[in-house]
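S.K.: entry-v9.txt is the file, holding compact mmCIF, C-alpha atoms:
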# COMPACT_ATOMS: atom_id res chain seq x y z
CA MET T 1 31.31 -23.11 -23.15
CA GLN T 2 27.92 -23.04 -21.53
CA ARG T 3 27.85 -22.21 -17.83
CA GLN T 4 26.60 -25.03 -15.67
CA ARG T 5 23.51 -24.24 -13.69
CA SER T 6 23.12 -25.04 -10.02
CA ALA T 7 21.71 -28.54 -9.63
CA LYS T 8 19.06 -27.25 -7.27
CA ARG T 9 17.74 -24.59 -9.65
CA PRO T 10 14.21 -25.32 -10.91
CA ASP T 11 14.13 -27.38 -14.07
CA SER T 12 13.37 -24.50 -16.45
CA ASP T 13 14.83 -21.06 -17.09
CA SER T 14 11.72 -19.52 -15.59
CA PRO T 15 12.04 -18.98 -11.86
CA SER T 16 8.38 -19.87 -11.60
CA SER T 17 8.15 -23.40 -12.92
CA GLY T 18 5.73 -25.45 -10.87
CA LEU T 19 2.91 -22.90 -10.65
CA GLY T 20 1.10 -24.37 -13.64
CA PRO T 21 0.51 -22.59 -16.96
CA GLU T 22 -2.74 -20.87 -15.92
CA LEU T 23 -1.23 -19.39 -12.75
CA GLU T 24 1.98 -18.47 -14.61
CA GLN T 25 -0.18 -16.47 -17.02
CA LEU T 26 -2.10 -14.92 -14.14
CA TYR T 27 1.12 -13.71 -12.45
CA ASP T 28 2.30 -12.12 -15.72
CA ARG T 29 -1.13 -10.63 -16.40
CA ILE T 30 -1.30 -9.08 -12.90
CA ALA T 31 2.21 -7.61 -13.32
CA ARG T 32 1.12 -6.09 -16.66
CA ILE T 33 -2.17 -4.75 -15.22
CA LEU T 34 -0.35 -3.09 -12.30
CA GLY T 35 2.35 -1.61 -14.57
CA ILE T 36 -0.10 -0.26 -17.16
CA GLY T 37 -2.53 1.00 -14.49
CA PHE T 38 0.24 2.77 -12.58
CA TRP T 39 1.77 4.56 -15.59
CA ALA T 40 -1.61 5.38 -17.16
CA SER T 41 -2.94 6.94 -13.96
CA ILE T 42 0.27 8.89 -13.26
CA GLY T 43 0.18 10.07 -16.91
CA VAL T 44 -3.45 11.27 -16.60
CA ILE T 45 -2.68 13.04 -13.28
CA LEU T 46 0.35 14.81 -14.78
CA LEU T 47 -1.60 15.76 -17.92
CA GLY T 48 -4.29 17.27 -15.69
CA VAL T 49 -1.70 19.21 -13.66
CA ILE T 50 0.09 20.50 -16.79
CA LEU T 51 -3.15 21.58 -18.51
CA THR T 52 -4.41 23.25 -15.31
CA LEU T 53 -1.17 25.24 -14.91
CA ALA T 54 -1.12 26.03 -18.67
CA GLN T 55 -4.56 27.62 -18.30
CA GLY T 56 -3.13 29.88 -15.60
CA ASP T 57 -5.12 28.12 -12.87
CA GLU T 58 -3.76 26.56 -9.68
CA LEU T 59 -4.32 23.04 -8.43
CA GLY T 60 -7.57 22.99 -6.47
CA ASP T 61 -7.90 21.77 -2.90
CA GLU T 62 -10.95 19.57 -3.40
CA THR T 63 -12.08 16.85 -5.77
CA PHE T 64 -15.23 16.35 -7.78
CA ASP T 65 -17.73 13.69 -6.73
CA MET T 66 -17.06 10.41 -8.54
CA VAL T 67 -20.27 10.70 -10.54
CA ASP T 68 -19.44 14.25 -11.69
CA ILE T 69 -16.00 13.55 -13.17
CA VAL T 70 -17.09 12.48 -16.67
CA PRO T 71 -19.61 15.34 -17.09
CA LYS T 72 -16.93 17.81 -15.92
CA LEU T 73 -14.44 16.37 -18.42
CA LEU T 74 -17.01 16.71 -21.20
CA ASP T 75 -17.44 20.35 -20.13
CA GLY T 76 -13.68 20.80 -20.68
CA ASP T 77 -12.72 21.10 -17.00
CA VAL T 78 -9.10 19.90 -17.02
CA GLN T 79 -8.90 19.65 -13.21
CA ALA T 80 -11.25 16.67 -13.52
CA LEU T 81 -8.35 14.87 -15.25
CA VAL T 82 -6.40 14.92 -11.95
CA ASP T 83 -9.38 13.33 -10.16
CA LEU T 84 -9.78 10.80 -12.97
CA GLY T 85 -6.10 9.84 -12.66
CA ILE T 86 -6.44 9.38 -8.89
CA LEU T 87 -9.52 7.16 -9.34
CA LEU T 88 -7.79 5.15 -12.11
CA LEU T 89 -4.94 4.52 -9.69
CA LEU T 90 -7.35 3.44 -6.93
CA LEU T 91 -9.21 1.05 -9.26
CA THR T 92 -6.01 -0.51 -10.70
CA PRO T 93 -5.65 -3.18 -7.96
CA LEU T 94 -9.31 -4.09 -8.44
CA ALA T 95 -8.56 -4.96 -12.08
CA TYR T 96 -6.25 -7.79 -11.04
CA VAL T 97 -8.98 -9.28 -8.83
CA VAL T 98 -11.22 -9.40 -11.93
CA ALA T 99 -8.37 -11.05 -13.92
CA ALA T 100 -7.88 -13.59 -11.12
CA LEU T 101 -11.63 -14.30 -11.01
CA PHE T 102 -11.64 -15.24 -14.71
CA THR T 103 -8.60 -17.49 -14.27
CA PHE T 104 -10.19 -19.34 -11.37
CA LEU T 105 -13.51 -19.61 -13.24
CA ARG T 106 -11.64 -21.32 -16.12
CA GLN T 107 -9.93 -23.61 -13.61
CA GLN T 108 -13.30 -24.29 -11.95
CA ASP T 109 -11.63 -23.52 -8.64
CA ARG T 110 -14.75 -22.80 -6.58
CA LEU T 111 -12.90 -21.74 -3.44
CA PHE T 112 -10.95 -19.00 -5.22
CA VAL T 113 -13.93 -17.93 -7.33
CA GLY T 114 -15.60 -17.35 -3.96
CA VAL T 115 -12.53 -15.50 -2.61
CA CYS T 116 -12.34 -13.16 -5.65
CA GLY T 117 -16.13 -12.74 -5.62
CA SER T 118 -15.99 -11.75 -1.93
CA LEU T 119 -13.31 -9.14 -2.66
CA LEU T 120 -15.37 -7.67 -5.50
CA LEU T 121 -18.42 -7.63 -3.22
CA LEU T 122 -16.42 -5.81 -0.53
CA PHE T 123 -15.43 -3.18 -3.08
CA ALA T 124 -19.00 -2.85 -4.26
CA ILE T 125 -19.95 -2.22 -0.61
CA THR T 126 -17.04 0.24 -0.22
CA ILE T 127 -18.08 2.24 -3.28
CA GLY T 128 -21.72 2.00 -2.23
CA VAL T 129 -20.87 3.28 1.28
CA ALA T 130 -18.66 6.02 -0.22
CA LEU T 131 -21.41 7.20 -2.58
CA TRP T 132 -24.02 7.00 0.17
CA MET I 1 -18.07 19.71 -7.19
CA GLY I 2 -17.45 17.85 -4.01
CA ARG I 3 -18.58 19.30 -0.76
CA PRO I 4 -16.25 22.05 0.47
CA HIS I 5 -13.88 21.05 3.25
CA ALA I 6 -14.96 21.89 6.72
CA ALA I 7 -12.73 24.56 8.18
CA VAL I 8 -10.63 22.24 10.30
CA PRO I 9 -8.35 24.07 12.70
CA SER I 10 -4.81 22.80 12.48
CA TYR I 11 -2.19 22.19 15.12
CA HIS I 12 -1.25 25.87 15.01
CA GLY I 13 -4.86 26.97 15.03
CA GLN I 14 -5.18 27.69 11.31
CA ARG I 15 -5.58 25.23 8.51
CA ILE I 16 -2.98 25.71 5.82
CA THR I 17 -4.72 25.58 2.47
CA VAL I 18 -2.23 24.89 -0.23
CA GLY I 19 -2.55 25.15 -4.00
CA GLY I 20 -5.25 27.62 -4.85
CA TYR I 21 -4.59 29.80 -1.80
CA VAL I 22 -0.97 29.55 -0.81
CA GLY I 23 0.79 28.62 -3.99
CA ILE I 24 3.56 26.67 -5.54
CA GLY I 25 6.04 27.08 -2.65
CA GLU I 26 4.04 24.87 -0.28
CA ILE I 27 3.37 22.32 -3.03
CA LEU I 28 7.13 22.05 -3.64
CA GLY I 29 7.66 21.81 0.13
CA ILE I 30 5.19 18.89 0.36
CA ALA I 31 6.89 17.19 -2.61
CA ALA I 32 10.31 17.61 -0.94
CA VAL I 33 9.07 16.17 2.37
CA ALA I 34 7.38 13.32 0.49
CA LEU I 35 10.60 12.59 -1.43
CA GLY I 36 12.54 12.41 1.84
CA ALA I 37 9.81 10.27 3.43
CA GLY I 38 9.88 7.95 0.40
CA VAL I 39 13.68 7.55 0.67
CA LEU I 40 13.62 6.88 4.43
CA GLY I 41 10.58 4.61 4.20
CA SER I 42 12.11 2.57 1.41
CA MET I 43 15.44 2.24 3.25
CA LEU I 44 13.64 0.94 6.34
CA GLY I 45 11.24 -1.19 4.29
CA LEU I 46 8.21 0.64 5.67
CA GLY I 47 6.88 2.83 2.86
CA GLY I 48 6.76 6.62 3.22
CA GLY I 49 3.47 6.95 5.11
CA VAL I 50 4.90 6.56 8.60
CA PHE I 51 7.10 9.63 7.99
CA ILE I 52 4.94 11.83 5.77
CA VAL I 53 1.76 11.67 7.87
CA PRO I 54 3.28 13.07 11.09
CA ILE I 55 5.60 15.57 9.33
CA LEU I 56 2.90 17.13 7.14
CA SER I 57 0.48 17.15 10.03
CA LEU I 58 2.85 18.57 12.66
CA ALA I 59 5.20 20.79 10.65
CA PHE I 60 2.90 21.95 7.84
CA GLY I 61 -0.26 22.04 9.93
CA ILE I 62 -2.25 20.25 7.25
CA ASP I 63 -5.47 18.51 8.34
CA LEU I 64 -4.48 14.98 9.49
CA LYS I 65 -7.26 13.26 7.52
CA THR I 66 -6.16 15.02 4.31
CA VAL I 67 -2.59 13.78 4.86
CA ILE I 68 -3.79 10.24 5.67
CA ALA I 69 -5.80 10.21 2.41
CA ALA I 70 -2.75 11.38 0.43
CA SER I 71 -0.60 8.73 2.10
CA ALA I 72 -3.13 5.97 1.35
CA ILE I 73 -3.13 6.92 -2.34
CA ALA I 74 0.69 6.92 -2.32
CA VAL I 75 0.59 3.38 -0.83
CA VAL I 76 -1.54 2.22 -3.80
CA ALA I 77 0.95 3.81 -6.24
CA ASN I 78 3.96 2.32 -4.46
CA SER I 79 2.39 -1.14 -4.36
CA ALA I 80 1.45 -1.04 -8.06
CA SER I 81 4.89 0.12 -9.19
CA GLY I 82 6.85 -2.17 -6.87
CA SER I 83 4.85 -5.41 -7.10
CA ALA I 84 5.60 -6.15 -10.77
CA VAL I 85 9.24 -7.06 -9.99
CA TYR I 86 8.26 -9.39 -7.15
CA LEU I 87 5.53 -11.01 -9.27
CA LYS I 88 8.04 -11.71 -12.05
CA SER I 89 10.47 -13.27 -9.55
CA ARG I 90 7.52 -15.28 -8.15
CA PHE I 91 8.37 -14.24 -4.58
CA THR I 92 4.74 -13.09 -4.27
CA ASN I 93 2.16 -15.74 -3.39
CA VAL I 94 -1.00 -14.54 -5.18
CA ARG I 95 -3.34 -17.27 -3.86
CA LEU I 96 -2.29 -16.64 -0.25
CA ALA I 97 -2.56 -12.86 -0.78
CA LEU I 98 -6.13 -13.14 -2.13
CA VAL I 99 -7.29 -15.19 0.86
CA MET I 100 -5.67 -12.78 3.35
CA LEU I 101 -7.05 -9.79 1.43
CA VAL I 102 -10.67 -10.71 2.19
CA SER I 103 -9.98 -10.12 5.86
CA MET I 104 -7.56 -7.23 5.33
CA VAL I 105 -9.89 -5.26 3.02
CA THR I 106 -12.73 -5.78 5.51
CA GLY I 107 -10.45 -4.27 8.16
CA ALA I 108 -9.51 -1.39 5.86
CA LEU I 109 -13.16 -0.65 5.23
CA ILE I 110 -13.76 -0.43 9.00
CA GLY I 111 -10.54 1.58 9.48
CA GLY I 112 -11.47 4.03 6.72
CA LEU I 113 -14.91 4.60 8.20
CA LEU I 114 -13.39 5.09 11.67
CA ALA I 115 -10.86 7.59 10.26
CA VAL I 116 -13.48 9.77 8.61
CA SER I 117 -15.74 9.76 11.68
CA LEU I 118 -13.29 9.95 14.63
CA PRO I 119 -12.17 13.34 15.97
CA GLU I 120 -8.65 14.22 14.81
CA VAL I 121 -7.23 14.20 18.33
CA TYR I 122 -8.02 10.48 18.78
CA LEU I 123 -6.49 9.67 15.40
CA LYS I 124 -3.33 11.57 16.35
CA GLY I 125 -3.02 9.70 19.63
CA ALA I 126 -3.62 6.31 18.01
CA PHE I 127 -1.13 7.12 15.25
CA GLY I 128 1.45 8.10 17.88
CA PHE I 129 1.07 4.72 19.61
CA LEU I 130 1.29 2.92 16.23
CA LEU I 131 4.54 4.76 15.41
CA LEU I 132 5.96 3.76 18.79
CA TYR I 133 5.11 0.13 18.02
CA VAL I 134 6.72 0.39 14.56
CA SER I 135 9.87 1.95 16.10
CA PHE I 136 10.05 -0.95 18.56
CA VAL I 137 9.65 -3.57 15.79
CA MET I 138 12.35 -1.84 13.70
CA PHE I 139 14.69 -1.56 16.68
CA ARG I 140 14.34 -5.28 17.45
CA ARG I 141 14.98 -6.15 13.81
CA SER I 142 18.05 -3.90 13.52
CA SER I 143 19.56 -5.03 16.82
CA GLY I 144 19.25 -8.65 15.76
CA GLY I 145 16.86 -9.42 18.60
CA PRO I 146 15.75 -12.96 19.29
CA SER I 147 14.35 -14.43 16.10
CA ALA I 148 11.18 -16.34 16.77
CA ALA I 149 10.36 -17.08 13.13
CA ALA I 150 7.98 -20.02 12.90
CA GLU I 151 9.43 -23.22 11.54
CA ILE I 152 8.74 -23.56 7.82
CA ASP I 153 6.39 -26.41 6.94
CA THR I 154 7.24 -27.99 3.59
CA ASP I 155 4.84 -30.95 3.69
CA ALA I 156 2.50 -30.62 0.69
CA ALA I 157 0.05 -32.98 2.42
CA HIS I 158 -0.74 -30.16 4.88
CA ASP I 159 -1.62 -27.77 2.03
CA THR I 160 -5.40 -28.36 2.02
CA TYR I 161 -6.26 -25.10 0.24
CA ARG I 162 -3.21 -25.05 -2.08
CA LEU I 163 -1.84 -21.87 -0.50
CA GLY I 164 1.74 -23.13 -0.43
CA GLY I 165 4.38 -21.51 -2.55
CA HIS I 166 7.91 -21.87 -3.77
CA PHE I 167 10.44 -19.57 -5.34
CA TYR I 168 14.06 -19.60 -6.39
CA ASP I 169 16.15 -17.64 -3.90
CA PRO I 170 19.26 -16.34 -5.72
CA ALA I 171 20.99 -15.52 -2.41
CA ALA I 172 20.69 -19.11 -1.20
CA ALA I 173 20.99 -20.56 -4.76
CA ASP I 174 18.14 -22.86 -3.88
CA THR I 175 14.40 -23.28 -4.26
CA VAL I 176 12.50 -22.40 -1.11
CA ARG I 177 9.23 -24.28 -0.51
CA TYR I 178 6.69 -23.54 2.19
CA VAL I 179 3.13 -24.29 3.29
CA PRO I 180 1.52 -21.49 5.34
CA LYS I 181 0.21 -22.68 8.69
CA ASN I 182 -1.96 -21.27 11.53
CA LEU I 183 -4.48 -19.92 9.01
CA ARG I 184 -7.08 -19.60 11.79
CA LEU I 185 -4.83 -17.05 13.48
CA GLY I 186 -3.28 -15.49 10.38
CA ILE I 187 -6.42 -14.67 8.40
CA PRO I 188 -8.23 -12.79 11.20
CA GLY I 189 -4.89 -11.19 12.14
CA ALA I 190 -4.72 -9.60 8.69
CA SER I 191 -7.88 -7.65 9.50
CA LEU I 192 -5.92 -5.78 12.23
CA ALA I 193 -3.38 -4.71 9.61
CA GLY I 194 -6.32 -3.65 7.45
CA VAL I 195 -7.80 -1.50 10.22
CA ALA I 196 -4.39 0.17 10.81
CA SER I 197 -3.92 0.74 7.08
CA GLY I 198 -7.44 2.12 6.68
CA MET I 199 -7.19 4.42 9.70
CA PHE I 200 -3.71 5.80 9.12
CA GLY I 201 -3.06 5.51 5.38
CA ILE I 202 -0.02 3.30 5.83
CA GLY I 203 0.81 -0.05 4.21
CA GLY I 204 0.51 -2.28 7.25
CA GLY I 205 3.86 -4.06 6.77
CA PRO I 206 4.87 -3.78 10.44
CA ILE I 207 1.86 -6.03 11.18
CA THR I 208 1.59 -8.33 8.14
CA VAL I 209 5.29 -9.24 7.80
CA PRO I 210 5.62 -10.47 11.41
CA LEU I 211 2.24 -12.21 11.01
CA TYR I 212 3.51 -14.11 7.97
CA THR I 213 6.96 -14.93 9.30
CA LEU I 214 6.33 -15.44 13.03
CA VAL I 215 2.85 -16.96 12.98
CA MET I 216 2.33 -18.53 9.57
CA GLY I 217 5.83 -19.80 8.77
CA VAL I 218 6.17 -17.93 5.47
CA PRO I 219 9.80 -17.19 4.45
CA VAL I 220 10.81 -13.50 4.75
CA LYS I 221 11.16 -12.83 1.00
CA ALA I 222 7.71 -14.24 0.26
CA ALA I 223 6.29 -12.44 3.32
CA THR I 224 7.57 -8.97 2.34
CA SER I 225 6.66 -9.23 -1.35
CA THR I 226 3.21 -10.75 -0.68
CA SER I 227 2.54 -8.02 1.92
CA SER I 228 3.61 -5.26 -0.46
CA PHE I 229 1.31 -6.74 -3.13
CA MET I 230 -1.62 -6.75 -0.67
CA PHE I 231 -1.22 -3.11 0.41
CA GLY I 232 -2.40 -1.73 -2.93
CA LEU I 233 -5.87 -3.27 -2.78
CA THR I 234 -6.19 -2.61 0.96
CA ALA I 235 -5.25 1.07 0.71
CA SER I 236 -7.47 1.60 -2.33
CA ALA I 237 -10.52 0.46 -0.30
CA SER I 238 -9.97 3.11 2.39
CA ALA I 239 -8.81 5.76 -0.10
CA LEU I 240 -12.14 5.46 -1.94
CA ILE I 241 -13.89 6.29 1.35
CA TYR I 242 -11.59 9.29 1.92
CA TYR I 243 -12.19 10.40 -1.67
CA GLN I 244 -15.94 10.51 -1.43
CA ASN I 245 -15.79 12.15 2.02
CA ASP I 246 -13.77 15.04 0.51
CA PHE I 247 -10.50 14.32 2.29
CA VAL I 248 -8.57 14.00 -0.98
CA ASP I 249 -6.99 17.38 -1.65
CA PRO I 250 -5.21 17.31 -5.06
CA SER I 251 -2.80 20.08 -4.04
CA VAL I 252 -1.55 17.85 -1.19
CA THR I 253 -2.11 14.42 -2.78
CA VAL I 254 -0.37 15.00 -6.13
CA PRO I 255 2.97 16.26 -4.74
CA ALA I 256 2.83 13.68 -1.92
CA VAL I 257 2.24 10.74 -4.29
CA LEU I 258 4.86 11.86 -6.84
CA GLY I 259 7.37 12.60 -4.05
CA ILE I 260 6.88 9.27 -2.25
CA ILE I 261 7.11 7.09 -5.38
CA SER I 262 10.23 8.98 -6.57
CA GLY I 263 11.73 8.73 -3.08
CA ALA I 264 11.01 5.00 -2.93
CA LYS I 265 12.98 4.48 -6.17
CA VAL I 266 15.90 6.58 -4.84
CA GLY I 267 15.76 4.75 -1.49
CA ALA I 268 15.88 1.33 -3.16
CA ALA I 269 18.95 2.40 -5.18
CA VAL I 270 20.68 3.96 -2.15
CA ASN I 271 19.90 0.90 -0.04
CA ARG I 272 21.93 -1.29 -2.39
CA ARG I 273 25.02 0.90 -1.80
CA VAL I 274 24.62 2.06 1.80
CA ARG I 275 23.56 -0.36 4.48
CA SER I 276 24.72 1.24 7.67
CA LYS I 277 23.46 0.16 11.04
CA GLN I 278 24.08 3.66 12.44
CA LEU I 279 21.90 5.15 9.69
CA THR I 280 19.09 2.74 10.54
CA THR I 281 19.40 3.68 14.21
CA ILE I 282 19.11 7.38 13.29
CA PHE I 283 15.97 6.72 11.22
CA ILE I 284 14.41 4.73 14.06
CA THR I 285 15.19 7.60 16.43
CA VAL I 286 13.47 10.02 14.02
CA LEU I 287 10.45 7.71 13.92
CA ALA I 288 10.30 7.46 17.72
CA THR I 289 10.61 11.27 18.00
CA LEU I 290 7.72 11.70 15.56
CA ALA I 291 5.70 9.20 17.61
CA ILE I 292 6.29 11.14 20.82
CA SER I 293 5.52 14.47 19.07
CA MET I 294 2.21 13.07 17.80
CA LEU I 295 1.32 11.83 21.29
CA LEU I 296 2.25 15.14 22.93
CA ASP I 297 0.20 16.98 20.32
CA ALA I 298 -2.76 14.64 20.83
CA PHE I 299 -2.63 15.12 24.59
CA GLY I 300 -2.35 18.89 24.12
CA VAL I 301 1.07 19.14 25.78
CA TYR I 302 2.22 21.57 23.05
Can the structure from this file be put into structure tokens for me?
M.R.:
Amino acid sequence: MQRQRSAKRPDSDSPSSGLGPELEQLYDRIARILGIGFWASIGVILLGVILTLAQGDELGDETFDMVDIVPKLLDGDVQALVDLGILLLLLTPLAYVVAALFTFLRQQDRLFVGVCGSLLLLFAITIGVALW
Amino acid sequence: MGRPHAAVPSYHGQRITVGGYVGIGEILGIAAVALGAGVLGSMLGLGGGVFIVPILSLAFGIDLKTVIAASAIAVVANSASGSAVYLKSRFTNVRLALVMLVSMVTGALIGGLLAVSLPEVYLKGAFGFLLLYVSFVMFRRSSGGPSAAAEIDTDAAHDTYRLGGHFYDPAAADTVRYVPKNLRLGIPGASLAGVASGMFGIGGGPITVPLYTLVMGVPVKAATSTSSFMFGLTASASALIYYQNDFVDPSVTVPAVLGIISGAKVGAAVNRRVRSKQLTTIFITVLATLAISMLLDAFGVY
């Protein structure tokens, strides 16, 4: 016999009913972005650590400049993988702002397009200040 | 290659350089401290930063800014790994978080710039006062102090910007609806949490959760999960500044991040089995002791 659900439970099996399909998708997309970004960056960091130790080197105490990471990787410097992993991790939350921006653009929600645009602008300033 | 670190004298007069110079023992020591900090932080609902920053700075003698950078990166990792569950349960309010983040990230940007430019002694003193405040907030919460949570507004007509949320609360077996209020106070208030997060590499929960619950009338579950979601983006803004100013030291950051995220998982599991008031009191005492140690160190008492 099927168990009876609480009368007050939302009217679908999803705990999220009521958000609207676009926002439902956005929540799931953000969860996926954060999960993939987290595991990918931790994986790259660990790969960098393992390869560094395998070469008989020790983990360095400084990082490469952001703009030097790709050239260093192309030169075969495995310590640059650790830095790449750290930067991937730092840029992961930014990816969900981009995903949210596209959702709100589709919804023609000007207020939230402006909110997401402001966040991206703040990060552009942050990276600009950091590089300067 | 990034610019070499300045030779920053530590608390004991010599900067401990781990990794390339001291070796695997110190790296394992940092990972062990980070694991413990992650467990304690998770059990208190604070994140590991409030423990790891003072311990690595005071006991290991590592440059405070290097530890703050490592802690900020661990906050990003913790937020990314922990937010997925809350997003799936829909406790997190993404629209509200995005609006608050504009002000919080601005604060973090200012906090990050202050952290890289202020002398370490000022940072230590400010961090000590922040830890004292956090200890006080935790003590009030654990002792069941007077609850001044704002009344929850459920009138959709008040939700001009569609920031309201609702979620199914399994504990109450009911759907909880709310419309955030006092936005004029709440949104600028988030910038304070951003400055604290940017300056000290912590999440900012001791500021944002009371802001949501006491000022804006957001239910506790939505407040904690929305705050935790916001910390990732906030901490990444300041961590990028630390990175490019050469305060990210992989031989400190990697063991600290891996230790804190592992500790947070252990802490969450332990928390489900052990929920002792005495244990919480002990942790708060540890936090207050660390606060006083940081202040004494900042004022040159020892």
S.K.: Kindly determine which residues of chain I lie within 8 Å of chain T, considering only C-alpha atoms, and give the answer as a PyMOL selection string.
M.R.: chain I and resi 1-2+4-5+17-20+23+73+76-77+80-81+83-85+87-90+94-95+98-99+101-102+105-106+109+167-168+173-175+232-233+236-237+239-241+243-252+254
S.K.: Leaving out I:Val195 and any residue of its chain fewer than 6 positions from it, which residues lie within 9 Å of it when counting all atoms listed in the file, given as a list in words?
M.R.: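 Within the cut-off, the hits are Met104, Val105, Thr106, Gly107, Ala108, Leu109, Ile110, Gly111, Gly112, Leu114 and Gly204 of chain I.
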S.K.: Just give me the gap between atom CA of I:Gly82 and atom CA of I:Val137 in Å, one decimal is fine.
M.R.: 22.9 Å
S.K.: Identify, on the basis of only C-alpha atoms, every residue whose closest approach to T:Leu81 does not exceed 8 Å; exclude the query and any residue fewer than 4 positions from it along the same chain; express the result as a list in words.
M.R.: Val44, Ile45, Leu47, Gly48, Leu73, Asp77 and Gly85 of chain T
S.K.: Please report the interatomic distance between atom CA of I:Gly36 and atom CA of I:Thr208 in Å with one decimal.
M.R.: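 Those two atoms sit 24.3 Å apart.
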S.K.: Quote the spacing between atom CA of I:Ala69 and atom CA of I:Phe136 in Å to one decimal place.
M.R.: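 That distance, rounded to one decimal, is 25.2 Å.
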S.K.: Can you pull out the residues contacting T:Thr103? Cut-off 9 Å, using all atoms listed in the file, and skip same-chain residues under 5 positions away; I want them as a compact mmCIF listing (two decimals) with C-alpha atoms, in the coordinates of the input.
M.R.:
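After the write, part24.txt holds the following:
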# COMPACT_ATOMS: atom_id res chain seq x y z
CA GLU T 22 -2.74 -20.87 -15.92
CA LEU T 23 -1.23 -19.39 -12.75
CA GLN T 25 -0.18 -16.47 -17.02
CA LEU T 26 -2.10 -14.92 -14.14
CA VAL T 98 -11.22 -9.40 -11.93
CA GLN T 108 -13.30 -24.29 -11.95
CA ASP T 109 -11.63 -23.52 -8.64
CA VAL T 113 -13.93 -17.93 -7.33
S.K.: Excluding stretch 214-229 of chain I and any residue of its chain fewer than 4 positions from it, enumerate the residues within 9 Å of it, using all atoms listed in the file, and give them as a compact mmCIF listing (two decimals) with C-alpha atoms, keeping the file's coordinate frame.
M.R.:
# COMPACT_ATOMS: atom_id res chain seq x y z
CA GLY I 45 11.24 -1.19 4.29
CA ASN I 78 3.96 2.32 -4.46
CA SER I 79 2.39 -1.14 -4.36
CA ALA I 80 1.45 -1.04 -8.06
CA GLY I 82 6.85 -2.17 -6.87
CA SER I 83 4.85 -5.41 -7.10
CA ALA I 84 5.60 -6.15 -10.77
CA TYR I 86 8.26 -9.39 -7.15
CA LEU I 87 5.53 -11.01 -9.27
CA ARG I 90 7.52 -15.28 -8.15
CA PHE I 91 8.37 -14.24 -4.58
CA THR I 92 4.74 -13.09 -4.27
CA ASN I 93 2.16 -15.74 -3.39
CA VAL I 94 -1.00 -14.54 -5.18
CA LEU I 96 -2.29 -16.64 -0.25
CA ALA I 97 -2.56 -12.86 -0.78
CA SER I 147 14.35 -14.43 16.10
CA ALA I 148 11.18 -16.34 16.77
CA ALA I 149 10.36 -17.08 13.13
CA ALA I 150 7.98 -20.02 12.90
CA GLU I 151 9.43 -23.22 11.54
CA ILE I 152 8.74 -23.56 7.82
CA ASP I 153 6.39 -26.41 6.94
CA GLY I 165 4.38 -21.51 -2.55
CA HIS I 166 7.91 -21.87 -3.77
CA PHE I 167 10.44 -19.57 -5.34
CA ASP I 169 16.15 -17.64 -3.90
CA VAL I 176 12.50 -22.40 -1.11
CA ARG I 177 9.23 -24.28 -0.51
CA TYR I 178 6.69 -23.54 2.19
CA VAL I 179 3.13 -24.29 3.29
CA PRO I 180 1.52 -21.49 5.34
CA LYS I 181 0.21 -22.68 8.69
CA ASN I 182 -1.96 -21.27 11.53
CA LEU I 183 -4.48 -19.92 9.01
CA LEU I 185 -4.83 -17.05 13.48
CA GLY I 186 -3.28 -15.49 10.38
CA GLY I 203 0.81 -0.05 4.21
CA GLY I 204 0.51 -2.28 7.25
CA GLY I 205 3.86 -4.06 6.77
CA THR I 208 1.59 -8.33 8.14
CA VAL I 209 5.29 -9.24 7.80
CA PRO I 210 5.62 -10.47 11.41
CA LEU I 233 -5.87 -3.27 -2.78
S.K.: Using only C-alpha atoms, which residue out of I:Gly125, I:Pro54, I:Pro206, I:Ala171 lies closest to I:Leu296?
M.R.: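 Smallest separation from I:Leu296 among the options: I:Gly125.
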S.K.: Nearest to I:Phe200: which of I:Thr280, I:Ser71, I:Ser262, I:Thr213 is it, counting all atoms listed in the file?
M.R.: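 Under the stated criterion, the closest residue is I:Ser71.
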S.K.: Restricting the calculation to only C-alpha atoms, which member of I:Met230, I:Ile284, I:Ile52, I:Val301 is positioned closest to I:Val257?
M.R.: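 Between I:Met230, I:Ile284, I:Ile52, I:Val301, the residue approaching I:Val257 most closely is I:Ile52.
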S.K.: Looking at all atoms listed in the file, which of I:Phe129, I:Tyr242, I:Phe51, I:Phe283 is the one that sits closest to I:Ala70?
M.R.: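 Once distances to I:Ala70 are computed over all atoms listed in the file, the minimum belongs to I:Tyr242.
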S.K.: Give me the residues near I:Ala288 as a VMD selection string, where near means some atom within 10 Å (using all atoms listed in the file) and where sequence neighbours in that chain fewer than 3 positions away do not count.
M.R.: chain I and resid 128 to 129 131 to 136 282 to 285 291 to 294
S.K.: Could you pull out every residue with an atom within 9 Å of (0.6, 4.5, 5.6), file coordinates, counting only C-alpha atoms, and send them as a list in words?
M.R.: Leu46, Gly47, Gly48, Gly49, Val50, Phe51, Ile52, Val53, Ile68, Ser71, Ala72, Ala74, Val75, Ala196, Ser197, Gly198, Met199, Phe200, Gly201, Ile202, Gly203, Gly204 and Ala235 of chain I
S.K.: Using all atoms listed in the file, find the one residue out of I:Val270, I:Val67, I:Leu258, I:Ala157 that sits nearest to I:Ala31.
M.R.: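 Checking each candidate against I:Ala31, we get I:Leu258 as the closest.
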